Amino acid sequence: MVKETQLASLYVFILVPLLFLFFTFHRRRRTTLNLPPGPPPLPIIGNLLSIGKIPHLSLHLLSQKYGPLIQLRLGQIPTILISDADNASEILKSQDHIFCNRKELATLKRLSYGCKNIAFSQYNDNWKQLRRLGTQEVFSPNKVISFESGRTEEVDILLKTISAASSGGSRPINMREILICFFNNVIYREVFGKRISVDGECWISPIQNMLRELLMLMNHDFGAADLFPSMGWIDLLTGWRGKLDNVFKKMDSFFEESIKERLLAIERDGRHQVYFLDTLLNLQNTKDGASLSFDQIKAILLDIIIAGTETSAATIEWAMTNLIRNPVIFNNAQEEVRRVVAGKEKVRVSDLQHLHYLKLVIKETLRLHPPVPLPSPRESMKDTKINGYDIPAKTMVFVNLWSIGRDPKYWKDPELFMPERFENSLINFKGSNFELIPFGGGRRICPGIAFGMANVELCFANLLQVFDWELPNGMTKEDIEMGYAPGLVSTKTAPLTLVAKPALNK
Ligand code: HEM
């Protein structure tokens, strides 16, 4: 057995000098590097206080002061922040092969079966396999088309729910609640082949509460293990780890139950439509050996549910907010929908291709209010340079999509809501124009753009066709608050409340 005195000498004569050499070398290396500018970090916590409650706003202010490429230290993690299109293009296009890794965060790892999903996986074989299968089998254009009738039915239920909730235009309705409920039902139907709730009951369903808890934890509220990897035990003391375990267990048993139910339903009634879950289960035993594990399947279900619901609901809530604040634009959009639909009661999928102005309204909404203003951070996979600055390997990278959409270098009057700015413009949001990247870019660009837009456009067009919208009595457009609530998905501090009257001029 090693004696205590031997251990003490080992510590004093070997470990201490080694640690000293490590830190001296590390510091010297960092000081000889040409690092980007940035606010001076505080001891231990670094620039953590700069993140604030609404990270995309606080970080935007920092970029106004220090520039579009900033260096920060969040706890122990060296970080850079990108806030303009030129640097974003460098990260997401020219050097995408170096920056397409996701930073592994303990919080997200716990919730995603050890990063076995697409969104939080590092750039490794797991991600490559899932992304390939996802693009070919799950998010493909054929799948978008195959859900057309379910999507249409859900829109019809939504319109009835709004009519009932507003009692012919006499009661204001909470747009956020109703939209989140709608998108949950659409996504659940597409995933499991069933609705999540009976009409109007979304907010009291335990599943809905579980999802809200999940999203709150995925907000950029880091656990200690994320920022001080050597001190992850703090999360046990603060109760953070317990909270994660608790939500994870609820989510996992919800997935297990839903999968069991689906398998039973197939056995009982046969399979009339191939839902997302069916596609994933079929990929469990493929001949080419690219089989999915059960954990990977549940992790992808998580991807679809968290990525597909609140993002789409936020897009329409912001679009309606912008319209109600700009009556002329509202009128133009509504007039177009009613002209194209010409006498029909509702907008159908085939009408959407003719709704040119409506699409400009959505594009302008995504520019001003990207639903994911600060996507989950990337990590550099090796030492590199951007604009002459050194970026060491393992640097965490944030790209502020909110700042990019409002950069006066690219956008005239960036704070104004002007869909016409896209008239005769070739700029699209599919990842090739870096001044407009609400879905991100490069290898990790959102694979659900077509799904998201199919649901958003049909729902939004019908809201404009079927109802006339007003602010509740006594409220003017100046009273609409435009502040942001904390959260990974950007929403207004207070939900938009509107009165829906059955349309007169259809
Ligand atoms: C308006 C709706 C949506 C918006 C604004 C949006 C936005 C985004 C953004 C900004 C990212 C991060 C990209 C990056 O890191 O560069 C992302 C990733 C992702 N999105 Fe979406 N999304 C939407 C809808 C959807 C839908 C409907 C689905 C699935 C059905 C989906 C699935 C995903 C997945 C799986 C990823 C992770 C991709 C990866 O890391 O490889 N999204 N999304």
# chains A, B, ... in the order shown; residues from 1 in each chain; ligands from 1
>>> residues_near_ligand(ligand="ligand 1", cutoff="6 Å", atoms="only C-alpha atoms and all ligand atoms", output="PyMOL selection string")
chain A and resi 118-119+303-304+307-308+311-312+315+371-372+375+438-441+444-449+451-452
>>> closest_atom_pairs(of="region 304-370 of chain A", to="region 155-174 of chain A", cutoff="12 Å", atoms="only C-alpha atoms", output="JSON lines")
{"residue": "A:Glu317", "atom": "CA", "partner": "A:Asn174", "partner_atom": "CA", "distance": 10.0}
{"residue": "A:Glu345", "atom": "CA", "partner": "A:Asp156", "partner_atom": "CA", "distance": 10.8}
{"residue": "A:Lys346", "atom": "CA", "partner": "A:Asp156", "partner_atom": "CA", "distance": 8.5}
{"residue": "A:Val347", "atom": "CA", "partner": "A:Val155", "partner_atom": "CA", "distance": 9.7}
{"residue": "A:Arg348", "atom": "CA", "partner": "A:Val155", "partner_atom": "CA", "distance": 9.8}
{"residue": "A:Val349", "atom": "CA", "partner": "A:Val155", "partner_atom": "CA", "distance": 11.0}
>>> residues_around(residues="Gln334 (chain A)", least_positions_apart="5", cutoff="12 Å", atoms="only C-alpha atoms", output="list in words")
Met320, Leu323, Ile324, Pro327, Val328, Ile329, Arg339, Val340, Val341, Ala342, Val347, Leu355, His356, Tyr357, Leu358, Val361, Phe460, Ala461, Asn462, Leu463, Leu464, Gln465, Val466, Phe467, Asp468, Trp469, Ala503, Asn505 and Lys506 of chain A
>>> write_last_selection(atoms="C-alpha atoms", output="mmCIF file, in the first residue's frame")
data_model
loop_
_atom_site.group_PDB
_atom_site.id
_atom_site.type_symbol
_atom_site.label_atom_id
_atom_site.label_comp_id
_atom_site.auth_asym_id
_atom_site.auth_seq_id
_atom_site.Cartn_x
_atom_site.Cartn_y
_atom_site.Cartn_z
ATOM 1 C CA MET A 320 -49.992 38.193 -36.824
ATOM 2 C CA LEU A 323 -49.778 42.490 -39.376
ATOM 3 C CA ILE A 324 -51.970 43.928 -36.656
ATOM 4 C CA PRO A 327 -52.957 47.584 -41.078
ATOM 5 C CA VAL A 328 -52.087 48.396 -44.722
ATOM 6 C CA ILE A 329 -49.887 45.310 -44.985
ATOM 7 C CA ARG A 339 -58.766 37.028 -54.266
ATOM 8 C CA VAL A 340 -56.868 33.774 -54.867
ATOM 9 C CA VAL A 341 -59.363 31.637 -52.977
ATOM 10 C CA ALA A 342 -62.191 33.433 -54.793
ATOM 11 C CA VAL A 347 -57.669 27.918 -48.383
ATOM 12 C CA LEU A 355 -50.069 33.336 -52.399
ATOM 13 C CA HIS A 356 -47.023 35.353 -53.351
ATOM 14 C CA TYR A 357 -47.482 38.261 -50.929
ATOM 15 C CA LEU A 358 -48.313 35.973 -47.994
ATOM 16 C CA VAL A 361 -44.958 38.404 -45.109
ATOM 17 C CA PHE A 460 -51.633 31.358 -41.642
ATOM 18 C CA ALA A 461 -53.488 31.672 -44.964
ATOM 19 C CA ASN A 462 -56.644 30.224 -43.425
ATOM 20 C CA LEU A 463 -56.525 32.572 -40.452
ATOM 21 C CA LEU A 464 -56.537 35.476 -42.927
ATOM 22 C CA GLN A 465 -59.249 33.963 -45.098
ATOM 23 C CA VAL A 466 -61.775 32.879 -42.496
ATOM 24 C CA PHE A 467 -61.635 35.691 -39.922
ATOM 25 C CA ASP A 468 -61.317 39.452 -39.631
ATOM 26 C CA TRP A 469 -58.918 40.227 -36.811
ATOM 27 C CA ALA A 503 -65.055 37.443 -42.213
ATOM 28 C CA ASN A 505 -65.730 40.354 -47.293
ATOM 29 C CA LYS A 506 -64.822 36.915 -48.500
#
>>> select_by_dssp(residues="region 324-396 of chain A", states="strand (DSSP E or B)", output="list in words")
Arg378, Glu379, Thr384, Lys385, Ile386, Tyr389, Asp390, Ile391 and Met396 of chain A
>>> residues_around(residues="Leu81 (chain A)", least_positions_apart="3", cutoff="6 Å", atoms="only C-alpha atoms", output="list in words")
Leu69, Ile70, Val397, Phe398 and Val399 of chain A
>>> write_last_selection(atoms="C-alpha atoms", output="short mmCIF file (atom, residue, chain, number, x, y, z; two decimals), in the first residue's frame")
data_model
loop_
_atom_site.label_atom_id
_atom_site.label_comp_id
_atom_site.auth_asym_id
_atom_site.auth_seq_id
_atom_site.Cartn_x
_atom_site.Cartn_y
_atom_site.Cartn_z
CA LEU A 69 -16.76 38.60 -34.24
CA ILE A 70 -16.23 38.61 -30.48
CA VAL A 397 -19.51 29.18 -31.33
CA PHE A 398 -22.78 31.13 -31.18
CA VAL A 399 -24.30 32.63 -34.33
#
>>> atom_distance(atom1="CA of Asn322 (chain A)", atom2="CA of Phe417 (chain A)")
6.9 Å
>>> atom_distance(atom1="CA of Cys459 (chain A)", atom2="CA of Glu154 (chain A)")
9.0 Å
>>> closest_residue(among="A:Ile391, A:Met218, A:Leu74, A:Ile145", to="Leu42 (chain A)", atoms="only C-alpha atoms")
A:Leu74
>>> residues_around(residues="Pro229 (chain A)", least_positions_apart="6", cutoff="12 Å", atoms="only C-alpha atoms", output="PyMOL selection string")
chain A and resi 74-77+104-107+222-223+235
>>> closest_residue(among="A:Leu263, A:Leu59, A:Leu471, A:Ile80", to="Asp390 (chain A)", atoms="only C-alpha atoms")
A:Ile80
